[in-house]
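See structure below.
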Amino acid sequence: MKRTALKIGYIGTNFHGFQRQPDLRTVEEELIYHLRKLNYIDDLKKSRFRIAGRTDAGVHSLGNVISFQSEKEVRVNEINNSLPDDIQILASAPVRYAFKPRYAQMRQYRYMLFQDLDVDKLNECAELFKGTHNFTNFTKRFQKTTTRTIEDIKINRVDLNDCHKKEFPNLHDTISPIFVDIYGESFLWNMVRKMMRVFVDVAIGKMDLDDVERLLNPDGEEPRAYIKVMEAEYLILMDIQYDGIKFKYDDYACERFRRNLVDSLSDLQKRYAIRESMIKSLQDLH
């Protein structure tokens, strides 16, 4: 019996999150179904099927991780041929029997902001979040400990038009989004999306840095602050890393997933053109 970890890419749009739920399409349910179908696993307990994290509905991934043990040699592209296009295995690694993907060395999340925001103000806010803090105001659940450490936050404005001009020469210019990449060992539920709400509020002047300091250092007697979560569809789980484990990316699998993304982008381009045409026609009626 060999134990293997797999790195999973998925487009979260049509999933009700990662975790299995009755009568709902989820990433975990799809993975288990196809691994069973291909005789990689049978009983989940015997195969020691484990996951790294449960992303919410709408959240995407290029780096979530599962692990299991099987007598069958894992073939990434055999699994991908069975899986639907919006979920694919990108990389694999042999791991020890006791490996638990939940206990990672580092996680990277990326949130994309499409507003025209002051990047300098975003960076000032990011400096406050770096380090170890009490994030009780940045989660919905009451947990044993809400202390977490943010190792780094990188903020960049990116011109995505250059990424697909060759494949989509007629694509209209899109808004240059701001990438906010957040690195840490572990995160609370909704933590990143609540953080992003605070980042935006600081950038537009709705909140100042003193307010952020108070949120990160709450008085034990104060009620939990209400912070509305940002939209899930702009969040990507980019990567999860483990000490001593090096994943091998499959070139064919990565290119296949990239092509699936390109195809879906082409469909979105057509939908955009239809709506743009209807808007213009309504304007011409006046």
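Labels used: A, B, ... for chains in the order of the structure tokens, numbers from 1 for residues in each chain, and numbers from 1 for ligands as shown.
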
Which stretch 40-131 of chain A residues have any atom within 7 Å of an atom of stretch 192-207 of chain A, and for each, what is the nearest pair of atoms with distance in Å to one decimal, counting only C-alpha atoms, rows sorted by chain and number, as CSV?
```
residue,atom,partner,partner_atom,distance
A:Leu117,CA,A:Ala203,CA,6.0
A:Asp118,CA,A:Ala203,CA,5.7
A:Lys121,CA,A:Ala203,CA,5.3
A:Leu122,CA,A:Ala203,CA,5.9
A:Cys125,CA,A:Phe199,CA,6.3
```

Can you tell me, as a PDB file with all heavy atoms, in the first residue's frame, what residues are no more than 12 Å from A:Leu38 when counting only C-alpha atoms, ignoring any on the same chain fewer than 3 positions away?
```pdb
ATOM      1  N   LEU A  31     -14.165  13.875  -6.368  1.00  0.00           N
ATOM      2  CA  LEU A  31     -12.892  13.161  -6.247  1.00  0.00           C
ATOM      3  C   LEU A  31     -13.098  11.738  -5.724  1.00  0.00           C
ATOM      4  O   LEU A  31     -12.555  10.778  -6.279  1.00  0.00           O
ATOM      5  CB  LEU A  31     -11.962  13.924  -5.306  1.00  0.00           C
ATOM      6  CG  LEU A  31     -11.356  15.217  -5.859  1.00  0.00           C
ATOM      7  CD1 LEU A  31     -10.729  16.025  -4.742  1.00  0.00           C
ATOM      8  CD2 LEU A  31     -10.319  14.908  -6.940  1.00  0.00           C
ATOM      9  N   ILE A  32     -13.883  11.601  -4.677  1.00  0.00           N
ATOM     10  CA  ILE A  32     -14.125  10.281  -4.097  1.00  0.00           C
ATOM     11  C   ILE A  32     -14.829   9.369  -5.096  1.00  0.00           C
ATOM     12  O   ILE A  32     -14.455   8.191  -5.258  1.00  0.00           O
ATOM     13  CB  ILE A  32     -14.948  10.411  -2.796  1.00  0.00           C
ATOM     14  CG1 ILE A  32     -14.096  11.063  -1.704  1.00  0.00           C
ATOM     15  CG2 ILE A  32     -15.447   9.045  -2.328  1.00  0.00           C
ATOM     16  CD1 ILE A  32     -14.872  11.428  -0.453  1.00  0.00           C
ATOM     17  N   TYR A  33     -15.812   9.905  -5.789  1.00  0.00           N
ATOM     18  CA  TYR A  33     -16.559   9.098  -6.767  1.00  0.00           C
ATOM     19  C   TYR A  33     -15.626   8.531  -7.836  1.00  0.00           C
ATOM     20  O   TYR A  33     -15.673   7.331  -8.160  1.00  0.00           O
ATOM     21  CB  TYR A  33     -17.655   9.940  -7.416  1.00  0.00           C
ATOM     22  CG  TYR A  33     -18.330   9.256  -8.582  1.00  0.00           C
ATOM     23  CD1 TYR A  33     -19.322   8.294  -8.380  1.00  0.00           C
ATOM     24  CD2 TYR A  33     -17.953   9.549  -9.892  1.00  0.00           C
ATOM     25  CE1 TYR A  33     -19.921   7.641  -9.449  1.00  0.00           C
ATOM     26  CE2 TYR A  33     -18.551   8.902 -10.964  1.00  0.00           C
ATOM     27  CZ  TYR A  33     -19.531   7.949 -10.743  1.00  0.00           C
ATOM     28  OH  TYR A  33     -20.117   7.304 -11.808  1.00  0.00           O
ATOM     29  N   HIS A  34     -14.766   9.381  -8.394  1.00  0.00           N
ATOM     30  CA  HIS A  34     -13.911   8.934  -9.498  1.00  0.00           C
ATOM     31  C   HIS A  34     -12.750   8.083  -9.020  1.00  0.00           C
ATOM     32  O   HIS A  34     -12.320   7.170  -9.732  1.00  0.00           O
ATOM     33  CB  HIS A  34     -13.433  10.149 -10.296  1.00  0.00           C
ATOM     34  CG  HIS A  34     -14.531  10.803 -11.069  1.00  0.00           C
ATOM     35  ND1 HIS A  34     -14.957  10.361 -12.310  1.00  0.00           N
ATOM     36  CD2 HIS A  34     -15.337  11.856 -10.755  1.00  0.00           C
ATOM     37  CE1 HIS A  34     -15.949  11.114 -12.736  1.00  0.00           C
ATOM     38  NE2 HIS A  34     -16.201  12.027 -11.817  1.00  0.00           N
ATOM     39  N   LEU A  35     -12.233   8.323  -7.819  1.00  0.00           N
ATOM     40  CA  LEU A  35     -11.193   7.462  -7.280  1.00  0.00           C
ATOM     41  C   LEU A  35     -11.743   6.060  -6.998  1.00  0.00           C
ATOM     42  O   LEU A  35     -11.045   5.055  -7.192  1.00  0.00           O
ATOM     43  CB  LEU A  35     -10.601   8.072  -6.004  1.00  0.00           C
ATOM     44  CG  LEU A  35      -9.720   9.321  -6.192  1.00  0.00           C
ATOM     45  CD1 LEU A  35      -9.353   9.917  -4.847  1.00  0.00           C
ATOM     46  CD2 LEU A  35      -8.467   8.980  -7.000  1.00  0.00           C
ATOM     47  N   ILE A  41      -9.439   3.681  -4.493  1.00  0.00           N
ATOM     48  CA  ILE A  41      -9.874   3.554  -3.102  1.00  0.00           C
ATOM     49  C   ILE A  41     -11.217   2.843  -3.072  1.00  0.00           C
ATOM     50  O   ILE A  41     -11.922   2.769  -4.079  1.00  0.00           O
ATOM     51  CB  ILE A  41     -10.003   4.930  -2.401  1.00  0.00           C
ATOM     52  CG1 ILE A  41     -11.099   5.775  -3.068  1.00  0.00           C
ATOM     53  CG2 ILE A  41      -8.669   5.666  -2.392  1.00  0.00           C
ATOM     54  CD1 ILE A  41     -11.404   7.080  -2.335  1.00  0.00           C
ATOM     55  N   ASP A  42     -11.567   2.338  -1.899  1.00  0.00           N
ATOM     56  CA  ASP A  42     -12.885   1.753  -1.682  1.00  0.00           C
ATOM     57  C   ASP A  42     -13.447   2.330  -0.397  1.00  0.00           C
ATOM     58  O   ASP A  42     -14.193   3.293  -0.398  1.00  0.00           O
ATOM     59  CB  ASP A  42     -12.791   0.230  -1.622  1.00  0.00           C
ATOM     60  CG  ASP A  42     -14.168  -0.409  -1.471  1.00  0.00           C
ATOM     61  OD1 ASP A  42     -15.175   0.302  -1.692  1.00  0.00           O
ATOM     62  OD2 ASP A  42     -14.231  -1.598  -1.114  1.00  0.00           O
ATOM     63  N   SER A  70      -3.208   3.407  -1.569  1.00  0.00           N
ATOM     64  CA  SER A  70      -3.808   2.505  -2.538  1.00  0.00           C
ATOM     65  C   SER A  70      -2.792   1.443  -2.957  1.00  0.00           C
ATOM     66  O   SER A  70      -1.586   1.699  -2.962  1.00  0.00           O
ATOM     67  CB  SER A  70      -4.280   3.296  -3.765  1.00  0.00           C
ATOM     68  OG  SER A  70      -4.795   2.434  -4.748  1.00  0.00           O
ATOM     69  N   LYS A  72      -2.948   0.327  -5.927  1.00  0.00           N
ATOM     70  CA  LYS A  72      -2.802   0.632  -7.348  1.00  0.00           C
ATOM     71  C   LYS A  72      -1.873   1.828  -7.534  1.00  0.00           C
ATOM     72  O   LYS A  72      -1.953   2.815  -6.798  1.00  0.00           O
ATOM     73  CB  LYS A  72      -4.189   0.929  -7.946  1.00  0.00           C
ATOM     74  CG  LYS A  72      -4.201   1.174  -9.435  1.00  0.00           C
ATOM     75  CD  LYS A  72      -5.632   1.399  -9.909  1.00  0.00           C
ATOM     76  CE  LYS A  72      -5.671   1.722 -11.391  1.00  0.00           C
ATOM     77  NZ  LYS A  72      -7.068   1.953 -11.864  1.00  0.00           N
ATOM     78  N   GLU A  73      -0.984   1.761  -8.519  1.00  0.00           N
ATOM     79  CA  GLU A  73      -0.096   2.883  -8.808  1.00  0.00           C
ATOM     80  C   GLU A  73      -0.914   4.060  -9.343  1.00  0.00           C
ATOM     81  O   GLU A  73      -1.719   3.901 -10.269  1.00  0.00           O
ATOM     82  CB  GLU A  73       0.959   2.482  -9.841  1.00  0.00           C
ATOM     83  CG  GLU A  73       1.939   3.599 -10.158  1.00  0.00           C
ATOM     84  CD  GLU A  73       2.938   3.198 -11.228  1.00  0.00           C
ATOM     85  OE1 GLU A  73       2.970   2.012 -11.624  1.00  0.00           O
ATOM     86  OE2 GLU A  73       3.695   4.086 -11.686  1.00  0.00           O
ATOM     87  N   VAL A  74      -0.700   5.216  -8.744  1.00  0.00           N
ATOM     88  CA  VAL A  74      -1.496   6.394  -9.119  1.00  0.00           C
ATOM     89  C   VAL A  74      -1.036   6.936 -10.466  1.00  0.00           C
ATOM     90  O   VAL A  74       0.152   7.252 -10.655  1.00  0.00           O
ATOM     91  CB  VAL A  74      -1.380   7.490  -8.036  1.00  0.00           C
ATOM     92  CG1 VAL A  74      -2.061   8.769  -8.505  1.00  0.00           C
ATOM     93  CG2 VAL A  74      -1.996   7.009  -6.732  1.00  0.00           C
ATOM     94  N   ARG A  75      -1.974   7.050 -11.385  1.00  0.00           N
ATOM     95  CA  ARG A  75      -1.712   7.634 -12.708  1.00  0.00           C
ATOM     96  C   ARG A  75      -2.567   8.895 -12.833  1.00  0.00           C
ATOM     97  O   ARG A  75      -3.796   8.812 -12.965  1.00  0.00           O
ATOM     98  CB  ARG A  75      -2.035   6.629 -13.815  1.00  0.00           C
ATOM     99  CG  ARG A  75      -1.187   5.362 -13.741  1.00  0.00           C
ATOM    100  CD  ARG A  75      -1.477   4.411 -14.888  1.00  0.00           C
ATOM    101  NE  ARG A  75      -0.729   3.176 -14.776  1.00  0.00           N
ATOM    102  CZ  ARG A  75       0.531   3.026 -15.182  1.00  0.00           C
ATOM    103  NH1 ARG A  75       1.157   4.054 -15.755  1.00  0.00           N
ATOM    104  NH2 ARG A  75       1.158   1.861 -15.044  1.00  0.00           N
ATOM    105  N   VAL A  76      -1.904  10.039 -12.791  1.00  0.00           N
ATOM    106  CA  VAL A  76      -2.596  11.327 -12.749  1.00  0.00           C
ATOM    107  C   VAL A  76      -3.550  11.504 -13.917  1.00  0.00           C
ATOM    108  O   VAL A  76      -4.711  11.896 -13.741  1.00  0.00           O
ATOM    109  CB  VAL A  76      -1.564  12.480 -12.719  1.00  0.00           C
ATOM    110  CG1 VAL A  76      -2.232  13.825 -13.005  1.00  0.00           C
ATOM    111  CG2 VAL A  76      -0.860  12.513 -11.362  1.00  0.00           C
ATOM    112  N   ASN A  77      -3.090  11.198 -15.121  1.00  0.00           N
ATOM    113  CA  ASN A  77      -3.934  11.473 -16.285  1.00  0.00           C
ATOM    114  C   ASN A  77      -5.055  10.455 -16.470  1.00  0.00           C
ATOM    115  O   ASN A  77      -6.060  10.759 -17.106  1.00  0.00           O
ATOM    116  CB  ASN A  77      -3.065  11.580 -17.545  1.00  0.00           C
ATOM    117  CG  ASN A  77      -2.252  12.870 -17.537  1.00  0.00           C
ATOM    118  OD1 ASN A  77      -2.807  13.958 -17.515  1.00  0.00           O
ATOM    119  ND2 ASN A  77      -0.936  12.746 -17.517  1.00  0.00           N
ATOM    120  N   GLU A  78      -4.910   9.274 -15.883  1.00  0.00           N
ATOM    121  CA  GLU A  78      -6.036   8.335 -15.868  1.00  0.00           C
ATOM    122  C   GLU A  78      -7.170   8.919 -15.030  1.00  0.00           C
ATOM    123  O   GLU A  78      -8.343   8.858 -15.418  1.00  0.00           O
ATOM    124  CB  GLU A  78      -5.615   6.985 -15.302  1.00  0.00           C
ATOM    125  CG  GLU A  78      -6.765   5.979 -15.246  1.00  0.00           C
ATOM    126  CD  GLU A  78      -6.403   4.691 -14.531  1.00  0.00           C
ATOM    127  OE1 GLU A  78      -5.649   4.750 -13.532  1.00  0.00           O
ATOM    128  OE2 GLU A  78      -6.895   3.621 -14.959  1.00  0.00           O
ATOM    129  N   ILE A  79      -6.809   9.506 -13.891  1.00  0.00           N
ATOM    130  CA  ILE A  79      -7.816  10.129 -13.033  1.00  0.00           C
ATOM    131  C   ILE A  79      -8.427  11.344 -13.725  1.00  0.00           C
ATOM    132  O   ILE A  79      -9.648  11.539 -13.732  1.00  0.00           O
ATOM    133  CB  ILE A  79      -7.198  10.538 -11.681  1.00  0.00           C
ATOM    134  CG1 ILE A  79      -6.600   9.315 -10.966  1.00  0.00           C
ATOM    135  CG2 ILE A  79      -8.253  11.193 -10.783  1.00  0.00           C
ATOM    136  CD1 ILE A  79      -5.795   9.652  -9.721  1.00  0.00           C
ATOM    137  N   ASN A  80      -7.577  12.173 -14.358  1.00  0.00           N
ATOM    138  CA  ASN A  80      -8.075  13.369 -15.039  1.00  0.00           C
ATOM    139  C   ASN A  80      -9.004  13.045 -16.199  1.00  0.00           C
ATOM    140  O   ASN A  80      -9.943  13.789 -16.470  1.00  0.00           O
ATOM    141  CB  ASN A  80      -6.899  14.211 -15.540  1.00  0.00           C
ATOM    142  CG  ASN A  80      -6.222  14.980 -14.423  1.00  0.00           C
ATOM    143  OD1 ASN A  80      -6.811  15.192 -13.360  1.00  0.00           O
ATOM    144  ND2 ASN A  80      -4.987  15.398 -14.649  1.00  0.00           N
ATOM    145  N   ASN A  81      -8.742  11.930 -16.886  1.00  0.00           N
ATOM    146  CA  ASN A  81      -9.622  11.527 -17.984  1.00  0.00           C
ATOM    147  C   ASN A  81     -11.022  11.194 -17.491  1.00  0.00           C
ATOM    148  O   ASN A  81     -11.998  11.307 -18.231  1.00  0.00           O
ATOM    149  CB  ASN A  81      -9.041  10.315 -18.716  1.00  0.00           C
ATOM    150  CG  ASN A  81      -7.845  10.673 -19.572  1.00  0.00           C
ATOM    151  OD1 ASN A  81      -7.681  11.836 -19.970  1.00  0.00           O
ATOM    152  ND2 ASN A  81      -6.999   9.700 -19.859  1.00  0.00           N
ATOM    153  N   SER A  82     -11.103  10.768 -16.242  1.00  0.00           N
ATOM    154  CA  SER A  82     -12.397  10.417 -15.654  1.00  0.00           C
ATOM    155  C   SER A  82     -13.086  11.633 -15.042  1.00  0.00           C
ATOM    156  O   SER A  82     -14.314  11.742 -15.087  1.00  0.00           O
ATOM    157  CB  SER A  82     -12.194   9.336 -14.585  1.00  0.00           C
ATOM    158  OG  SER A  82     -13.416   8.941 -14.000  1.00  0.00           O
ATOM    159  N   LEU A  83     -12.300  12.550 -14.488  1.00  0.00           N
ATOM    160  CA  LEU A  83     -12.857  13.727 -13.814  1.00  0.00           C
ATOM    161  C   LEU A  83     -13.476  14.712 -14.806  1.00  0.00           C
ATOM    162  O   LEU A  83     -13.087  14.757 -15.971  1.00  0.00           O
ATOM    163  CB  LEU A  83     -11.752  14.445 -13.032  1.00  0.00           C
ATOM    164  CG  LEU A  83     -11.277  13.801 -11.738  1.00  0.00           C
ATOM    165  CD1 LEU A  83      -9.970  14.454 -11.276  1.00  0.00           C
ATOM    166  CD2 LEU A  83     -12.341  13.925 -10.646  1.00  0.00           C
TER     167      LEU A  83
END
```

Exercise: A:Ala225 partners within 9 Å, only C-alpha atoms, chain neighbours under 6 positions left out, as a ChimeraX atom specification: /A:136-138,215,218

Next, dump the selected residues to file, keeping only N, CA, C and O atoms, as a PDB file, in the first residue's frame.
```pdb
ATOM      1  N   THR A 136      -9.994  36.781  16.057  1.00  0.00           N
ATOM      2  CA  THR A 136     -11.361  36.421  16.453  1.00  0.00           C
ATOM      3  C   THR A 136     -12.406  37.250  15.707  1.00  0.00           C
ATOM      4  O   THR A 136     -13.523  36.789  15.480  1.00  0.00           O
ATOM      5  N   ASN A 137     -12.066  38.479  15.300  1.00  0.00           N
ATOM      6  CA  ASN A 137     -13.007  39.322  14.550  1.00  0.00           C
ATOM      7  C   ASN A 137     -13.073  38.970  13.069  1.00  0.00           C
ATOM      8  O   ASN A 137     -13.867  39.554  12.331  1.00  0.00           O
ATOM      9  N   PHE A 138     -12.238  38.017  12.657  1.00  0.00           N
ATOM     10  CA  PHE A 138     -12.145  37.702  11.234  1.00  0.00           C
ATOM     11  C   PHE A 138     -12.612  36.279  10.923  1.00  0.00           C
ATOM     12  O   PHE A 138     -12.158  35.676   9.959  1.00  0.00           O
ATOM     13  N   LEU A 215      -9.221  45.973  15.740  1.00  0.00           N
ATOM     14  CA  LEU A 215      -9.797  44.706  15.295  1.00  0.00           C
ATOM     15  C   LEU A 215      -8.832  43.541  15.526  1.00  0.00           C
ATOM     16  O   LEU A 215      -9.254  42.423  15.825  1.00  0.00           O
ATOM     17  N   PRO A 218      -8.432  42.702  19.971  1.00  0.00           N
ATOM     18  CA  PRO A 218      -9.714  42.946  20.636  1.00  0.00           C
ATOM     19  C   PRO A 218      -9.638  42.810  22.152  1.00  0.00           C
ATOM     20  O   PRO A 218      -8.893  41.977  22.680  1.00  0.00           O
TER      21      PRO A 218
END
```

Residue set, stretch 33-263 of chain A restricted to helix (DSSP H, G or I), as a ChimeraX atom specification: /A:33-37,44-47,76-82,119-129,136-138,161-164,191-203,209-216,232-234,251-263

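If you look at atom CA of A:Phe114 and atom CA of A:Ala57, they are 20.0 Å away from each other.
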
Residue contacts of stretch 15-20 of chain A (7 Å, only C-alpha atoms) excluding same-chain residues fewer than 2 positions away, as a ChimeraX atom specification: /A:12-13,22,24-29,54-58

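Take the candidates A:Leu285, A:Ile51, A:Met191, A:Ile155 and check each one against A:Met230 using only C-alpha atoms; the shortest distance goes to A:Met191.
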
DSSP-assigned strand (DSSP E) members of stretch 10-239 of chain A, reported as a ChimeraX atom specification: /A:10,50-51,60-70,87-94,106-113,131-134,147-157,178-184,235-239

Within 10 Å of stretch 2-7 of chain A using only C-alpha atoms, minus same-chain residues under 6 positions, as a PyMOL selection string: chain A and resi 47-52+61-74+76+88-101+239-240+245+247-249
